[in-house]
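See below for data.cif, which holds mmCIF, C-alpha atoms and all ligand atoms.
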data_entry
#
loop_
_atom_site.group_PDB
_atom_site.id
_atom_site.type_symbol
_atom_site.label_atom_id
_atom_site.label_comp_id
_atom_site.auth_asym_id
_atom_site.auth_seq_id
_atom_site.Cartn_x
_atom_site.Cartn_y
_atom_site.Cartn_z
ATOM 1 C CA MET A 1 1.560 -82.903 -108.227
ATOM 2 C CA THR A 2 -0.459 -80.610 -110.461
ATOM 3 C CA ARG A 3 0.485 -80.734 -114.131
ATOM 4 C CA ARG A 4 -0.707 -79.345 -117.412
ATOM 5 C CA ALA A 5 -2.758 -81.819 -119.442
ATOM 6 C CA PHE A 6 -4.596 -81.548 -122.765
ATOM 7 C CA LEU A 7 -7.673 -83.393 -124.008
ATOM 8 C CA GLY A 8 -9.007 -83.336 -127.571
ATOM 9 C CA LEU A 9 -12.762 -83.329 -128.202
ATOM 10 C CA GLY A 10 -14.571 -84.039 -131.470
ATOM 11 C CA SER A 11 -18.142 -84.563 -132.662
ATOM 12 C CA ASN A 12 -19.688 -85.092 -136.093
ATOM 13 C CA LEU A 13 -23.125 -86.460 -135.312
ATOM 14 C CA GLY A 14 -26.235 -84.622 -134.071
ATOM 15 C CA ASP A 15 -25.912 -81.276 -132.300
ATOM 16 C CA ARG A 16 -22.118 -81.162 -132.377
ATOM 17 C CA GLU A 17 -21.739 -77.915 -130.454
ATOM 18 C CA ALA A 18 -24.076 -79.104 -127.689
ATOM 19 C CA TYR A 19 -22.146 -82.372 -127.305
ATOM 20 C CA LEU A 20 -18.843 -80.515 -126.997
ATOM 21 C CA GLN A 21 -20.222 -77.890 -124.616
ATOM 22 C CA HIS A 22 -21.936 -80.471 -122.399
ATOM 23 C CA ALA A 23 -18.665 -82.373 -122.045
ATOM 24 C CA LEU A 24 -16.627 -79.210 -121.434
ATOM 25 C CA ASP A 25 -19.000 -78.154 -118.662
ATOM 26 C CA ARG A 26 -18.386 -81.458 -116.905
ATOM 27 C CA LEU A 27 -14.623 -81.825 -117.182
ATOM 28 C CA PRO A 28 -12.570 -81.311 -114.010
ATOM 29 C CA ASP A 29 -9.656 -78.920 -113.483
ATOM 30 C CA VAL A 30 -10.191 -76.958 -116.715
ATOM 31 C CA THR A 31 -8.004 -73.867 -117.120
ATOM 32 C CA LYS A 32 -8.390 -73.030 -120.833
ATOM 33 C CA VAL A 33 -10.583 -74.024 -123.776
ATOM 34 C CA SER A 34 -9.671 -73.437 -127.433
ATOM 35 C CA SER A 35 -12.012 -72.117 -130.087
ATOM 36 C CA PHE A 36 -14.228 -74.612 -131.881
ATOM 37 C CA TRP A 37 -12.962 -75.553 -135.351
ATOM 38 C CA GLU A 38 -14.723 -77.206 -138.275
ATOM 39 C CA THR A 39 -12.546 -79.981 -139.626
ATOM 40 C CA ALA A 40 -12.741 -82.386 -142.533
ATOM 41 C CA PRO A 41 -12.884 -85.999 -141.331
ATOM 42 C CA VAL A 42 -9.572 -87.839 -141.262
ATOM 43 C CA GLY A 43 -9.858 -91.546 -142.058
ATOM 44 C CA GLY A 44 -12.918 -93.736 -142.007
ATOM 45 C CA PRO A 45 -15.894 -93.794 -144.363
ATOM 46 C CA GLU A 46 -17.423 -90.761 -146.048
ATOM 47 C CA GLN A 47 -18.922 -88.681 -143.230
ATOM 48 C CA GLY A 48 -19.737 -85.116 -142.258
ATOM 49 C CA PRO A 49 -17.281 -82.564 -140.884
ATOM 50 C CA PHE A 50 -16.227 -82.662 -137.250
ATOM 51 C CA LEU A 51 -16.365 -79.898 -134.714
ATOM 52 C CA ASN A 52 -13.116 -80.089 -132.731
ATOM 53 C CA CYS A 53 -11.580 -78.307 -129.783
ATOM 54 C CA VAL A 54 -8.834 -78.834 -127.204
ATOM 55 C CA VAL A 55 -9.056 -78.222 -123.468
ATOM 56 C CA GLN A 56 -6.241 -77.572 -121.020
ATOM 57 C CA LEU A 57 -6.420 -78.923 -117.473
ATOM 58 C CA SER A 58 -4.257 -78.216 -114.480
ATOM 59 C CA THR A 59 -4.579 -81.532 -112.719
ATOM 60 C CA ASP A 60 -3.009 -84.104 -110.461
ATOM 61 C CA ARG A 61 -4.994 -86.921 -112.091
ATOM 62 C CA THR A 62 -3.030 -89.662 -113.823
ATOM 63 C CA ALA A 63 -3.405 -90.472 -117.511
ATOM 64 C CA ARG A 64 -5.488 -93.511 -116.551
ATOM 65 C CA GLN A 65 -7.795 -91.400 -114.380
ATOM 66 C CA LEU A 66 -8.171 -88.885 -117.197
ATOM 67 C CA LEU A 67 -9.033 -91.699 -119.608
ATOM 68 C CA ALA A 68 -11.825 -92.717 -117.226
ATOM 69 C CA VAL A 69 -13.109 -89.124 -117.227
ATOM 70 C CA CYS A 70 -13.037 -89.110 -121.055
ATOM 71 C CA ARG A 71 -15.009 -92.361 -121.201
ATOM 72 C CA GLU A 72 -17.600 -90.976 -118.755
ATOM 73 C CA ARG A 73 -18.138 -87.885 -120.892
ATOM 74 C CA GLU A 74 -18.489 -90.058 -124.017
ATOM 75 C CA ALA A 75 -21.024 -92.282 -122.262
ATOM 76 C CA GLU A 76 -23.071 -89.219 -121.270
ATOM 77 C CA ALA A 77 -23.217 -88.285 -124.952
ATOM 78 C CA GLU A 78 -24.848 -91.683 -125.520
ATOM 79 C CA ARG A 79 -22.023 -92.193 -127.876
ATOM 80 C CA ILE A 80 -23.212 -93.904 -130.999
ATOM 81 C CA ARG A 81 -20.570 -95.235 -133.348
ATOM 82 C CA VAL A 82 -22.054 -97.295 -136.110
ATOM 83 C CA GLU A 83 -18.706 -98.373 -137.508
ATOM 84 C CA ARG A 84 -15.058 -98.030 -136.553
ATOM 85 C CA TRP A 85 -13.705 -94.599 -137.518
ATOM 86 C CA GLY A 86 -17.274 -93.636 -138.483
ATOM 87 C CA PRO A 87 -19.423 -90.707 -137.275
ATOM 88 C CA ARG A 88 -19.774 -90.258 -133.527
ATOM 89 C CA THR A 89 -21.574 -87.968 -131.113
ATOM 90 C CA LEU A 90 -18.464 -87.411 -129.016
ATOM 91 C CA ASP A 91 -14.849 -88.469 -128.923
ATOM 92 C CA VAL A 92 -12.603 -87.372 -126.056
ATOM 93 C CA ASP A 93 -8.893 -88.254 -126.199
ATOM 94 C CA VAL A 94 -6.060 -87.791 -123.726
ATOM 95 C CA LEU A 95 -3.474 -85.953 -125.848
ATOM 96 C CA TRP A 96 -0.660 -84.873 -123.575
ATOM 97 C CA ILE A 97 0.340 -84.644 -119.915
ATOM 98 C CA ASP A 98 3.477 -82.706 -118.996
ATOM 99 C CA GLY A 99 6.179 -85.127 -117.847
ATOM 100 C CA GLU A 100 4.076 -88.285 -118.280
ATOM 101 C CA THR A 101 4.284 -90.996 -120.904
ATOM 102 C CA VAL A 102 2.152 -94.131 -121.008
ATOM 103 C CA ASP A 103 2.371 -97.020 -123.458
ATOM 104 C CA GLU A 104 -0.306 -99.563 -122.678
ATOM 105 C CA TYR A 105 -2.638 -101.562 -124.891
ATOM 106 C CA ASP A 106 -5.580 -99.195 -124.382
ATOM 107 C CA LEU A 107 -3.808 -95.924 -123.587
ATOM 108 C CA VAL A 108 -0.842 -94.217 -125.218
ATOM 109 C CA VAL A 109 0.243 -90.742 -124.058
ATOM 110 C CA PRO A 110 1.293 -88.550 -125.791
ATOM 111 C CA HIS A 111 -1.459 -89.500 -128.214
ATOM 112 C CA PRO A 112 0.373 -91.343 -131.013
ATOM 113 C CA ARG A 113 -1.182 -89.349 -133.851
ATOM 114 C CA MET A 114 -1.591 -85.913 -132.270
ATOM 115 C CA PHE A 115 1.358 -84.358 -134.102
ATOM 116 C CA GLU A 116 0.048 -85.521 -137.509
ATOM 117 C CA ARG A 117 -3.462 -84.164 -137.043
ATOM 118 C CA ALA A 118 -4.234 -80.568 -137.962
ATOM 119 C CA PHE A 119 -7.609 -80.945 -136.212
ATOM 120 C CA VAL A 120 -5.605 -81.346 -132.979
ATOM 121 C CA LEU A 121 -2.693 -78.981 -133.669
ATOM 122 C CA ILE A 122 -4.733 -75.941 -134.766
ATOM 123 C CA PRO A 123 -6.792 -75.728 -131.542
ATOM 124 C CA LEU A 124 -3.838 -76.885 -129.417
ATOM 125 C CA ARG A 125 -1.727 -74.036 -130.789
ATOM 126 C CA GLU A 126 -4.129 -71.508 -129.200
ATOM 127 C CA LEU A 127 -3.398 -72.963 -125.767
ATOM 128 C CA ALA A 128 0.131 -74.352 -125.959
ATOM 129 C CA PRO A 129 2.243 -73.040 -128.849
ATOM 130 C CA ASP A 130 5.246 -74.667 -127.145
ATOM 131 C CA LEU A 131 3.882 -78.115 -128.086
ATOM 132 C CA ILE A 132 3.507 -77.434 -131.812
ATOM 133 C CA PRO A 133 6.257 -78.893 -134.027
ATOM 134 C CA SER A 134 8.324 -76.116 -135.593
ATOM 135 C CA ASP A 135 7.780 -77.599 -139.077
ATOM 136 C CA PHE A 136 3.980 -77.635 -138.769
ATOM 137 C CA VAL A 137 2.374 -76.085 -141.857
ATOM 138 C CA ASP A 138 -1.166 -74.748 -141.634
ATOM 139 C CA PRO A 139 -3.576 -76.882 -143.681
ATOM 140 C CA PRO A 140 -5.794 -75.465 -146.446
ATOM 141 C CA LEU A 141 -9.091 -73.907 -145.368
ATOM 142 C CA ASP A 142 -11.096 -76.873 -146.652
ATOM 143 C CA GLU A 143 -9.423 -79.079 -144.030
ATOM 144 C CA VAL A 144 -9.699 -76.868 -140.937
ATOM 145 C CA TRP A 145 -11.781 -73.709 -140.832
ATOM 146 C CA PRO A 146 -13.249 -71.482 -138.097
ATOM 147 C CA TYR A 147 -16.630 -72.457 -136.683
ATOM 148 C CA ASP A 148 -19.441 -70.009 -137.353
ATOM 149 C CA PRO A 149 -22.318 -70.889 -135.000
ATOM 150 C CA SER A 150 -24.838 -68.552 -136.752
HETATM 151 O O1 LIG B 1 -9.712 -89.116 -133.167
HETATM 152 C C1 LIG B 1 -10.815 -88.343 -132.972
HETATM 153 C C2 LIG B 1 -11.940 -88.748 -133.867
HETATM 154 N N1 LIG B 1 -11.668 -88.436 -135.279
HETATM 155 C C3 LIG B 1 -11.667 -87.217 -135.861
HETATM 156 C C4 LIG B 1 -11.857 -85.905 -135.361
HETATM 157 O O2 LIG B 1 -12.094 -85.651 -134.175
HETATM 158 N N2 LIG B 1 -11.762 -84.904 -136.306
HETATM 159 C C5 LIG B 1 -11.507 -85.128 -137.621
HETATM 160 N N3 LIG B 1 -11.450 -84.112 -138.459
HETATM 161 N N4 LIG B 1 -11.327 -86.387 -138.101
HETATM 162 C C6 LIG B 1 -11.395 -87.407 -137.225
HETATM 163 N N5 LIG B 1 -11.249 -88.720 -137.456
HETATM 164 C C7 LIG B 1 -11.401 -89.314 -136.269
HETATM 165 S S1 LIG B 1 -11.286 -91.015 -136.038
#
Just give me the structure as structure tokens.
Amino acid sequence: MTRRAFLGLGSNLGDREAYLQHALDRLPDVTKVSSFWETAPVGGPEQGPFLNCVVQLSTDRTARQLLAVCREREAEAERIRVERWGPRTLDVDVLWIDGETVDEYDLVVPHPRMFERAFVLIPLRELAPDLIPSDFVDPPLDEVWPYDPS
């Protein structure tokens, strides 16, 4: 059965736009891609801003299969992560799959922190306003701001 699914992508090391675009070009079943957003890092050590986006799939893959796809894309980015929560070339998370919940040690869907994270909700809102909590308040512009590639 084909369902709507959403993945979140983030990068704050190296050529961030190239890492996101390379992964987007190699994801299956993509139907929509959000804008890229600059976002202040949440958690972890002092580090540079992330570039974040969200992608919508129309897919019959399970959450576990999508996690495998995410891990493949991260591996292609030669993901370097010097310390936990620290800078990384690419992070790809399974955020949401319509009608599916998973609660396993290495995979929780919906993503447990997606509704607290403006760097997820702002791009997600472009694709799926129905998933945004009605009490969501836009963050200040020094937390999430539009990406200017020039
Ligand atoms: O969970 C994704 C990795 N990540 C991010 C991110 O993608 N964007 C921002 N702004 N902060 C983050 N902290 C972590 S961990």
Adding 6 Å on each side of the box along x, y and z that holds all listed atoms of ligand LIG 1 (chain B), could you give its centre and edge lengths in Å to one decimal, as lines of an AutoDock Vina configuration file?
center_x = -10.9
center_y = -87.6
center_z = -135.7
size_x = 14.4
size_y = 18.9
size_z = 17.5
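With distances restricted to all atoms listed in the file, A:Val144 is the closest residue to ligand LIG 1 (chain B) from A:Lys32, A:Leu57, A:Arg26, A:Val144.
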Please build the interface table for chain A against ligand LIG 1 (chain B) with a cut-off of 9 Å, listing for each qualifying residue the nearest atom pair and the distance in Å to one decimal; count only C-alpha atoms and all ligand atoms, order rows by chain and increasing number, and write it as a tab-separated table.
residue	atom	partner	partner_atom	distance
A:Gly8	CA	B:LIG1	C1	7.6
A:Leu9	CA	B:LIG1	O2	6.4
A:Gly10	CA	B:LIG1	O2	4.0
A:Ser11	CA	B:LIG1	O2	6.3
A:Asn12	CA	B:LIG1	O2	7.9
A:Glu38	CA	B:LIG1	N3	7.6
A:Thr39	CA	B:LIG1	N3	4.4
A:Ala40	CA	B:LIG1	N3	4.6
A:Pro41	CA	B:LIG1	N4	3.6
A:Val42	CA	B:LIG1	N4	3.9
A:Gly43	CA	B:LIG1	N5	5.6
A:Gly44	CA	B:LIG1	S1	6.8
A:Pro49	CA	B:LIG1	N3	6.5
A:Phe50	CA	B:LIG1	N2	5.1
A:Leu51	CA	B:LIG1	N2	7.0
A:Asn52	CA	B:LIG1	O2	5.8
A:Cys53	CA	B:LIG1	O2	8.6
A:Arg84	CA	B:LIG1	S1	8.0
A:Trp85	CA	B:LIG1	S1	4.6
A:Gly86	CA	B:LIG1	S1	7.0
A:Pro87	CA	B:LIG1	C7	8.2
A:Arg88	CA	B:LIG1	C2	8.0
A:Leu90	CA	B:LIG1	C2	8.2
A:Asp91	CA	B:LIG1	C1	5.7
A:Val92	CA	B:LIG1	C1	7.2
A:Asp93	CA	B:LIG1	C1	7.0
A:Arg113	CA	B:LIG1	O1	8.6
A:Met114	CA	B:LIG1	O1	8.8
A:Arg117	CA	B:LIG1	N3	8.1
A:Ala118	CA	B:LIG1	N3	8.1
A:Phe119	CA	B:LIG1	N3	5.5
A:Val120	CA	B:LIG1	N2	7.9
A:Glu143	CA	B:LIG1	N3	7.8
A:Val144	CA	B:LIG1	N3	7.9
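If you measure from each of A:Arg125, A:His22, A:His111, A:Arg64 to A:Glu76 using only C-alpha atoms, the closest one turns out to be A:His22.
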* To do: Work out how far atom CA of A:Leu27 is from atom CA of A:Arg73, in Å to one decimal.
  => 7.9 Å
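Interatomic distance, atom CA of A:Val94 against atom CA of A:Leu67: 6.4 Å.
For the set A:Ile122, A:Leu127, A:Leu20, A:Ile132, the residue with the smallest atom-to-atom gap to A:Pro146 is A:Ile122, counting all atoms listed in the file.
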